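Participant: mmCIF, N, CA and C atoms, saved as final34.cif, coming up:
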```cif
data_run
loop_
_atom_site.label_atom_id
_atom_site.label_comp_id
_atom_site.auth_asym_id
_atom_site.auth_seq_id
_atom_site.Cartn_x
_atom_site.Cartn_y
_atom_site.Cartn_z
N MET A 1184 15.59 -16.67 -3.85
CA MET A 1184 15.07 -16.04 -5.05
C MET A 1184 13.96 -15.06 -4.67
N ILE A 1185 14.03 -13.87 -5.20
CA ILE A 1185 13.04 -12.84 -4.91
C ILE A 1185 12.02 -12.81 -6.04
N LYS A 1186 10.74 -12.77 -5.65
CA LYS A 1186 9.65 -12.73 -6.63
C LYS A 1186 8.82 -11.48 -6.42
N LEU A 1187 8.67 -10.68 -7.47
CA LEU A 1187 7.83 -9.50 -7.43
C LEU A 1187 6.38 -9.93 -7.60
N GLU A 1188 5.54 -9.66 -6.61
CA GLU A 1188 4.14 -10.06 -6.67
C GLU A 1188 3.21 -8.93 -7.08
N PHE A 1189 3.65 -7.69 -6.81
CA PHE A 1189 2.78 -6.54 -7.06
C PHE A 1189 3.64 -5.31 -7.26
N SER A 1190 3.25 -4.48 -8.21
CA SER A 1190 3.97 -3.24 -8.47
C SER A 1190 2.98 -2.18 -8.93
N ALA A 1191 3.05 -1.00 -8.32
CA ALA A 1191 2.19 0.12 -8.71
C ALA A 1191 3.01 1.40 -8.66
N LYS A 1192 3.02 2.14 -9.76
CA LYS A 1192 3.79 3.38 -9.82
C LYS A 1192 2.86 4.53 -10.19
N THR A 1193 2.88 5.57 -9.35
CA THR A 1193 2.11 6.78 -9.64
C THR A 1193 3.06 7.82 -10.22
N SER A 1194 2.52 8.71 -11.05
CA SER A 1194 3.37 9.72 -11.68
C SER A 1194 3.75 10.84 -10.71
N THR A 1195 2.92 11.07 -9.70
CA THR A 1195 3.23 12.07 -8.67
C THR A 1195 2.89 11.49 -7.30
N SER A 1196 3.33 12.14 -6.25
CA SER A 1196 3.02 11.67 -4.90
C SER A 1196 1.64 12.11 -4.44
N ASP A 1197 1.01 13.03 -5.15
CA ASP A 1197 -0.29 13.56 -4.75
C ASP A 1197 -1.37 12.50 -4.58
N GLU A 1198 -1.36 11.49 -5.45
CA GLU A 1198 -2.39 10.45 -5.37
C GLU A 1198 -2.31 9.72 -4.03
N TRP A 1199 -1.10 9.26 -3.66
CA TRP A 1199 -0.94 8.56 -2.40
C TRP A 1199 -1.25 9.48 -1.22
N LYS A 1200 -0.83 10.74 -1.31
CA LYS A 1200 -1.08 11.68 -0.21
C LYS A 1200 -2.58 11.86 0.02
N ALA A 1201 -3.37 11.94 -1.04
CA ALA A 1201 -4.82 12.11 -0.91
C ALA A 1201 -5.47 10.86 -0.31
N ILE A 1202 -5.05 9.69 -0.77
CA ILE A 1202 -5.60 8.43 -0.26
C ILE A 1202 -5.28 8.28 1.23
N ILE A 1203 -4.02 8.47 1.59
CA ILE A 1203 -3.60 8.31 2.98
C ILE A 1203 -4.26 9.35 3.87
N SER A 1204 -4.41 10.57 3.39
CA SER A 1204 -5.07 11.62 4.16
C SER A 1204 -6.52 11.24 4.48
N ALA A 1205 -7.23 10.71 3.50
CA ALA A 1205 -8.63 10.31 3.71
C ALA A 1205 -8.72 9.14 4.70
N ILE A 1206 -7.86 8.17 4.55
CA ILE A 1206 -7.89 6.98 5.41
C ILE A 1206 -7.47 7.32 6.84
N SER A 1207 -6.49 8.21 7.00
CA SER A 1207 -5.94 8.51 8.33
C SER A 1207 -6.96 9.13 9.28
N THR A 1208 -8.02 9.72 8.75
CA THR A 1208 -9.04 10.31 9.62
C THR A 1208 -9.91 9.24 10.28
N LEU A 1209 -9.86 7.99 9.76
CA LEU A 1209 -10.73 6.94 10.28
C LEU A 1209 -10.02 5.80 10.99
N VAL A 1210 -8.87 5.39 10.47
CA VAL A 1210 -8.23 4.19 11.00
C VAL A 1210 -6.73 4.40 11.20
N GLU A 1211 -6.13 3.58 12.06
CA GLU A 1211 -4.69 3.62 12.29
C GLU A 1211 -3.96 2.62 11.40
N GLU A 1212 -4.64 1.54 11.04
CA GLU A 1212 -4.08 0.53 10.15
C GLU A 1212 -5.07 0.26 9.04
N ALA A 1213 -4.56 0.00 7.85
CA ALA A 1213 -5.42 -0.25 6.70
C ALA A 1213 -4.96 -1.51 5.99
N THR A 1214 -5.91 -2.29 5.52
CA THR A 1214 -5.61 -3.45 4.70
C THR A 1214 -6.07 -3.16 3.28
N PHE A 1215 -5.11 -3.02 2.39
CA PHE A 1215 -5.40 -2.79 0.99
C PHE A 1215 -5.50 -4.14 0.27
N GLU A 1216 -6.31 -4.20 -0.77
CA GLU A 1216 -6.36 -5.39 -1.60
C GLU A 1216 -5.96 -5.00 -3.01
N ALA A 1217 -4.95 -5.68 -3.53
CA ALA A 1217 -4.50 -5.45 -4.90
C ALA A 1217 -4.96 -6.62 -5.75
N THR A 1218 -5.59 -6.30 -6.88
CA THR A 1218 -6.04 -7.31 -7.84
C THR A 1218 -5.59 -6.88 -9.22
N VAL A 1219 -5.90 -7.66 -10.21
CA VAL A 1219 -5.58 -7.30 -11.59
C VAL A 1219 -6.27 -5.98 -11.96
N GLU A 1220 -7.45 -5.73 -11.39
CA GLU A 1220 -8.23 -4.52 -11.71
C GLU A 1220 -7.69 -3.26 -11.05
N GLY A 1221 -6.99 -3.38 -9.91
CA GLY A 1221 -6.48 -2.20 -9.21
C GLY A 1221 -6.38 -2.43 -7.72
N ILE A 1222 -6.31 -1.33 -6.96
CA ILE A 1222 -6.17 -1.38 -5.50
C ILE A 1222 -7.48 -0.90 -4.88
N SER A 1223 -7.89 -1.56 -3.80
CA SER A 1223 -9.09 -1.13 -3.10
C SER A 1223 -8.86 -1.15 -1.59
N PHE A 1224 -9.66 -0.37 -0.91
CA PHE A 1224 -9.64 -0.32 0.55
C PHE A 1224 -11.04 -0.02 1.03
N ARG A 1225 -11.46 -0.73 2.06
CA ARG A 1225 -12.74 -0.44 2.71
C ARG A 1225 -12.49 -0.50 4.20
N GLY A 1226 -12.85 0.57 4.90
CA GLY A 1226 -12.62 0.61 6.33
C GLY A 1226 -13.67 1.44 7.04
N MET A 1227 -13.83 1.15 8.33
CA MET A 1227 -14.80 1.85 9.15
C MET A 1227 -14.10 2.36 10.40
N ASP A 1228 -14.53 3.51 10.87
CA ASP A 1228 -13.95 4.05 12.09
C ASP A 1228 -14.33 3.16 13.28
N PRO A 1229 -13.58 3.27 14.38
CA PRO A 1229 -13.82 2.39 15.53
C PRO A 1229 -15.25 2.47 16.10
N SER A 1230 -15.92 3.61 15.97
CA SER A 1230 -17.28 3.74 16.51
C SER A 1230 -18.35 3.28 15.51
N HIS A 1231 -17.92 2.83 14.35
CA HIS A 1231 -18.82 2.32 13.30
C HIS A 1231 -19.82 3.37 12.82
N VAL A 1232 -19.36 4.60 12.71
CA VAL A 1232 -20.20 5.68 12.22
C VAL A 1232 -19.85 6.02 10.77
N ALA A 1233 -18.57 6.06 10.46
CA ALA A 1233 -18.13 6.47 9.12
C ALA A 1233 -17.47 5.30 8.39
N LEU A 1234 -17.75 5.21 7.10
CA LEU A 1234 -17.19 4.16 6.25
C LEU A 1234 -16.48 4.83 5.07
N ILE A 1235 -15.31 4.31 4.72
CA ILE A 1235 -14.61 4.80 3.55
C ILE A 1235 -14.39 3.61 2.62
N ASP A 1236 -14.69 3.81 1.34
CA ASP A 1236 -14.56 2.75 0.34
C ASP A 1236 -13.82 3.35 -0.86
N ILE A 1237 -12.61 2.88 -1.09
CA ILE A 1237 -11.76 3.43 -2.15
C ILE A 1237 -11.48 2.36 -3.19
N SER A 1238 -11.71 2.69 -4.44
CA SER A 1238 -11.33 1.82 -5.56
C SER A 1238 -10.42 2.63 -6.46
N TRP A 1239 -9.21 2.14 -6.66
CA TRP A 1239 -8.19 2.83 -7.43
C TRP A 1239 -7.86 1.95 -8.63
N PRO A 1240 -8.46 2.22 -9.81
CA PRO A 1240 -8.28 1.33 -10.97
C PRO A 1240 -6.84 1.30 -11.48
N ASN A 1241 -6.45 0.18 -12.06
CA ASN A 1241 -5.08 0.05 -12.56
C ASN A 1241 -4.74 1.09 -13.62
N SER A 1242 -5.75 1.61 -14.32
CA SER A 1242 -5.52 2.63 -15.35
C SER A 1242 -5.07 3.96 -14.76
N ALA A 1243 -5.25 4.15 -13.45
CA ALA A 1243 -4.84 5.40 -12.79
C ALA A 1243 -3.34 5.43 -12.51
N PHE A 1244 -2.67 4.31 -12.70
CA PHE A 1244 -1.25 4.23 -12.41
C PHE A 1244 -0.41 4.36 -13.68
N GLU A 1245 0.78 4.91 -13.52
CA GLU A 1245 1.72 4.99 -14.63
C GLU A 1245 2.15 3.59 -15.06
N LYS A 1246 2.43 2.74 -14.05
CA LYS A 1246 2.73 1.32 -14.28
C LYS A 1246 2.01 0.53 -13.20
N TYR A 1247 1.44 -0.61 -13.59
CA TYR A 1247 0.72 -1.44 -12.63
C TYR A 1247 0.86 -2.90 -13.03
N SER A 1248 1.17 -3.76 -12.05
CA SER A 1248 1.29 -5.18 -12.31
C SER A 1248 0.86 -5.96 -11.07
N CYS A 1249 -0.09 -6.86 -11.25
CA CYS A 1249 -0.55 -7.71 -10.15
C CYS A 1249 -1.14 -8.97 -10.77
N ASP A 1250 -0.48 -10.08 -10.55
CA ASP A 1250 -0.91 -11.34 -11.17
C ASP A 1250 -1.96 -12.10 -10.38
N SER A 1251 -2.02 -11.87 -9.08
CA SER A 1251 -3.01 -12.56 -8.25
C SER A 1251 -3.48 -11.62 -7.15
N ASP A 1252 -4.61 -11.94 -6.54
CA ASP A 1252 -5.16 -11.11 -5.48
C ASP A 1252 -4.24 -11.15 -4.26
N ILE A 1253 -3.92 -9.96 -3.74
CA ILE A 1253 -2.99 -9.82 -2.62
C ILE A 1253 -3.56 -8.81 -1.63
N LYS A 1254 -3.48 -9.13 -0.35
CA LYS A 1254 -3.85 -8.18 0.70
C LYS A 1254 -2.59 -7.80 1.46
N PHE A 1255 -2.46 -6.49 1.75
CA PHE A 1255 -1.32 -6.06 2.54
C PHE A 1255 -1.76 -4.98 3.52
N GLY A 1256 -1.22 -5.09 4.74
CA GLY A 1256 -1.58 -4.17 5.80
C GLY A 1256 -0.57 -3.04 5.93
N VAL A 1257 -1.08 -1.87 6.29
CA VAL A 1257 -0.24 -0.68 6.38
C VAL A 1257 -0.55 0.07 7.67
N ARG A 1258 0.50 0.43 8.40
CA ARG A 1258 0.32 1.37 9.51
C ARG A 1258 0.28 2.76 8.89
N ILE A 1259 -0.84 3.40 8.98
CA ILE A 1259 -1.08 4.67 8.29
C ILE A 1259 -0.11 5.76 8.72
N ASP A 1260 0.21 5.85 10.01
CA ASP A 1260 1.12 6.90 10.46
C ASP A 1260 2.51 6.75 9.85
N GLU A 1261 3.02 5.52 9.78
CA GLU A 1261 4.34 5.28 9.20
C GLU A 1261 4.32 5.52 7.69
N PHE A 1262 3.29 5.04 7.04
CA PHE A 1262 3.16 5.22 5.59
C PHE A 1262 3.05 6.71 5.25
N SER A 1263 2.29 7.43 6.05
CA SER A 1263 2.11 8.86 5.83
C SER A 1263 3.42 9.63 5.97
N LYS A 1264 4.25 9.27 6.95
CA LYS A 1264 5.55 9.93 7.13
C LYS A 1264 6.42 9.80 5.88
N LEU A 1265 6.43 8.60 5.30
CA LEU A 1265 7.23 8.38 4.10
C LEU A 1265 6.67 9.15 2.90
N ILE A 1266 5.36 9.10 2.73
CA ILE A 1266 4.73 9.77 1.59
C ILE A 1266 4.93 11.28 1.68
N LYS A 1267 4.84 11.85 2.88
CA LYS A 1267 5.00 13.29 3.05
C LYS A 1267 6.40 13.77 2.68
N ARG A 1268 7.38 12.87 2.75
CA ARG A 1268 8.75 13.26 2.40
C ARG A 1268 8.93 13.42 0.89
N ALA A 1269 8.03 12.86 0.11
CA ALA A 1269 8.14 12.94 -1.35
C ALA A 1269 7.73 14.32 -1.85
N GLU A 1270 8.46 14.82 -2.82
CA GLU A 1270 8.09 16.07 -3.47
C GLU A 1270 6.84 15.85 -4.32
N LYS A 1271 6.11 16.92 -4.59
CA LYS A 1271 4.86 16.82 -5.34
C LYS A 1271 5.06 16.16 -6.71
N SER A 1272 6.17 16.45 -7.36
CA SER A 1272 6.41 15.94 -8.71
C SER A 1272 7.06 14.55 -8.73
N GLU A 1273 7.42 14.00 -7.56
CA GLU A 1273 8.08 12.70 -7.52
C GLU A 1273 7.09 11.56 -7.73
N SER A 1274 7.51 10.57 -8.51
CA SER A 1274 6.69 9.38 -8.67
C SER A 1274 6.90 8.47 -7.47
N ILE A 1275 5.91 7.64 -7.18
CA ILE A 1275 5.98 6.71 -6.06
C ILE A 1275 5.85 5.30 -6.61
N ASP A 1276 6.81 4.45 -6.27
CA ASP A 1276 6.78 3.03 -6.63
C ASP A 1276 6.43 2.23 -5.38
N CYS A 1277 5.38 1.45 -5.43
CA CYS A 1277 5.01 0.56 -4.35
C CYS A 1277 5.21 -0.86 -4.87
N LEU A 1278 6.14 -1.61 -4.23
CA LEU A 1278 6.49 -2.95 -4.68
C LEU A 1278 6.27 -3.95 -3.56
N LEU A 1279 5.61 -5.05 -3.86
CA LEU A 1279 5.46 -6.12 -2.91
C LEU A 1279 6.16 -7.34 -3.49
N TYR A 1280 7.09 -7.88 -2.71
CA TYR A 1280 7.83 -9.04 -3.19
C TYR A 1280 7.98 -10.06 -2.07
N THR A 1281 8.25 -11.29 -2.47
CA THR A 1281 8.53 -12.36 -1.51
C THR A 1281 9.89 -12.95 -1.84
N SER A 1282 10.47 -13.61 -0.86
CA SER A 1282 11.78 -14.22 -1.01
C SER A 1282 11.73 -15.64 -0.48
N ASP A 1283 12.53 -16.51 -1.07
CA ASP A 1283 12.63 -17.89 -0.59
C ASP A 1283 13.52 -17.99 0.65
N ALA A 1284 14.26 -16.94 0.97
CA ALA A 1284 15.16 -16.96 2.13
C ALA A 1284 14.34 -17.17 3.40
N ALA A 1285 14.78 -18.09 4.22
CA ALA A 1285 14.03 -18.46 5.43
C ALA A 1285 13.85 -17.29 6.39
N ASP A 1286 14.81 -16.38 6.43
CA ASP A 1286 14.73 -15.27 7.38
C ASP A 1286 14.13 -14.01 6.80
N ASP A 1287 13.67 -14.06 5.55
CA ASP A 1287 13.12 -12.88 4.90
C ASP A 1287 11.60 -12.98 4.82
N THR A 1288 10.89 -12.06 5.49
CA THR A 1288 9.44 -12.08 5.46
C THR A 1288 8.93 -11.34 4.23
N PRO A 1289 7.75 -11.72 3.72
CA PRO A 1289 7.17 -10.97 2.60
C PRO A 1289 6.99 -9.51 2.99
N CYS A 1290 7.30 -8.60 2.10
CA CYS A 1290 7.20 -7.19 2.47
C CYS A 1290 6.97 -6.31 1.25
N VAL A 1291 6.70 -5.06 1.51
CA VAL A 1291 6.54 -4.05 0.47
C VAL A 1291 7.64 -3.02 0.65
N ASP A 1292 8.23 -2.59 -0.44
CA ASP A 1292 9.20 -1.50 -0.42
C ASP A 1292 8.56 -0.27 -1.02
N LEU A 1293 8.80 0.86 -0.44
CA LEU A 1293 8.35 2.13 -0.98
C LEU A 1293 9.57 3.01 -1.05
N GLY A 1294 10.07 3.22 -2.25
CA GLY A 1294 11.25 4.03 -2.41
C GLY A 1294 12.46 3.47 -1.68
N GLY A 1295 12.57 2.14 -1.62
CA GLY A 1295 13.71 1.50 -0.98
C GLY A 1295 13.55 1.29 0.52
N HIS A 1296 12.42 1.68 1.10
CA HIS A 1296 12.17 1.49 2.53
C HIS A 1296 11.19 0.35 2.72
N ARG A 1297 11.57 -0.65 3.50
CA ARG A 1297 10.67 -1.77 3.80
C ARG A 1297 9.68 -1.27 4.83
N ILE A 1298 8.39 -1.24 4.46
CA ILE A 1298 7.41 -0.65 5.36
C ILE A 1298 6.19 -1.50 5.63
N ILE A 1299 5.90 -2.47 4.79
CA ILE A 1299 4.62 -3.14 4.89
C ILE A 1299 4.81 -4.65 4.85
N LYS A 1300 4.15 -5.37 5.73
CA LYS A 1300 4.19 -6.82 5.68
C LYS A 1300 2.95 -7.34 4.99
N LYS A 1301 3.14 -8.32 4.13
CA LYS A 1301 2.04 -8.94 3.41
C LYS A 1301 1.18 -9.72 4.39
N LYS A 1302 -0.13 -9.65 4.21
CA LYS A 1302 -1.05 -10.42 5.03
C LYS A 1302 -0.93 -11.89 4.64
N ARG A 1303 -0.86 -12.75 5.62
CA ARG A 1303 -0.80 -14.20 5.37
C ARG A 1303 -2.16 -14.77 5.75
N GLY A 1304 -2.82 -15.41 4.82
CA GLY A 1304 -4.09 -16.05 5.10
C GLY A 1304 -5.06 -15.11 5.78
N GLY A 1305 -5.61 -15.51 6.92
CA GLY A 1305 -6.54 -14.66 7.64
C GLY A 1305 -5.86 -13.79 8.68
N GLY A 1306 -4.57 -14.00 8.92
CA GLY A 1306 -3.88 -13.27 9.99
C GLY A 1306 -3.04 -12.15 9.44
N GLY A 1307 -1.83 -12.07 9.95
CA GLY A 1307 -0.89 -11.02 9.51
C GLY A 1307 -1.15 -9.75 10.27
N GLY A 1308 -0.41 -8.73 9.86
CA GLY A 1308 -0.57 -7.46 10.54
C GLY A 1308 0.16 -6.38 9.82
N GLY A 1309 -0.07 -5.17 10.27
CA GLY A 1309 0.63 -4.02 9.71
C GLY A 1309 2.11 -4.13 9.99
N GLY A 1310 2.91 -3.51 9.17
CA GLY A 1310 4.35 -3.67 9.29
C GLY A 1310 5.01 -2.57 10.08
N GLY A 1311 6.27 -2.76 10.27
CA GLY A 1311 7.08 -1.79 10.99
C GLY A 1311 7.57 -0.69 10.09
N GLY A 1312 8.13 0.34 10.64
CA GLY A 1312 8.63 1.49 9.87
C GLY A 1312 9.95 1.20 9.22
N GLY A 1313 10.31 2.05 8.26
CA GLY A 1313 11.56 1.79 7.61
C GLY A 1313 12.28 3.01 7.41
#
```
Can I see the file as structure tokens?

Facilitator:
Amino acid sequence: MIKLEFSAKTSTSDEWKAIISAISTLVEEATFEATVEGISFRGMDPSHVALIDISWPNSAFEKYSCDSDIKFGVRIDEFSKLIKRAEKSESIDCLLYTSDAADDTPCVDLGGHRIIKKKRGGGGGGGGGG
């Protein structure tokens, strides 16, 4: 059984492109936190000189659903490649779901591409490309 844990839809790809562009200057991997209030990210560059703190309220999305706090890791280079393929006017759906199937790991789909693995507890990691 597949369970949708998180869903966020933007009306255009520009929002994701701006967020990823800002984050890519500092880090290679990002851990986003999705809550009922929205999506957030806080990261620091490896030399601990620059800090980026992003809060993206749920009201900024065309559709948004998140029943519990969820953290998910993203490889910025892979995520950026997918986002850049979207036309300016295309909406972006980011879906995080889990499955009861023993061989299916929790993941996020972006436009039908599995790209992000959900963080488990204190561990986990960024996902592979799709």

Participant: What is the distance, in Å and to one decimal place, between atom CA of Ala1201 of chain A and atom CA of Tyr1247 of chain A?

Facilitator: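 Separation between atom CA of Ala1201 of chain A and atom CA of Tyr1247 of chain A: 18.8 Å.
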
Participant: Which residue out of A:Glu1245, A:Cys1277, A:Leu1187, A:Ile1259 has the minimum interatomic distance to Ala1205 of chain A when only C-alpha atoms are used?

Facilitator: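 Closest candidate: A:Ile1259.
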
Participant: Starting from the PyMOL selection byres (((chain A and resi 1223 and name CA) around 12) and name CA), expand the selection into actual residues of this file and give them as a list in words.

Facilitator: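 Applying the expression gives Ile1202, Ile1206, Ala1213, Thr1214, Phe1215, Glu1216, Ala1217, Thr1218, Val1219, Glu1220, Gly1221, Ile1222, Phe1224, Arg1225, Gly1226, Ile1235, Asp1236, Ile1237, Ser1238, Trp1239, Pro1240, Asn1241, Asp1252, Ile1253, Lys1254 and Phe1255 of chain A.
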
Participant: List the residues selected by the PyMOL selection byres (((chain A and resi 1270-1274 and name CA) around 7) and name CA) in the file shown, writing them as a PyMOL selection string.

Facilitator: chain A and resi 1192-1197+1268-1269+1275-1276

Participant: Go ahead and compute the interatomic distance for atom C of Thr1281 of chain A and atom N of Ser1204 of chain A, in Å to one decimal.

Facilitator: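 For atom C of Thr1281 of chain A relative to atom N of Ser1204 of chain A, the distance reads 28.0 Å.
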
Participant: Just give me the gap between atom C of Ser1242 of chain A and atom CA of Ile1203 of chain A in Å, one decimal is fine.

Facilitator: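 About the pair atom C of Ser1242 of chain A and atom CA of Ile1203 of chain A: they are 18.3 Å apart.
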
Participant: Quick one: pick out all helix (DSSP H, G or I) residues within segment 1189-1303 of chain A from a backbone DSSP run and write them as a PyMOL selection string.

Facilitator: chain A and resi 1197-1207+1241-1243+1259-1268

Participant: Give the answer as one residue: which of A:Pro1229, A:Thr1208, A:Ser1248, A:Leu1279 has the shortest atom-to-atom distance to Ser1263 of chain A, using only C-alpha atoms?

Facilitator: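 Among the listed residues, the smallest separation from Ser1263 of chain A belongs to A:Thr1208.
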
Participant: Just checking: using only C-alpha atoms, which residue out of A:Glu1212, A:Lys1267, A:Lys1200, A:Leu1278 ends up closest to Cys1249 of chain A?

Facilitator: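 Of all the options, A:Leu1278 lies closest to Cys1249 of chain A.
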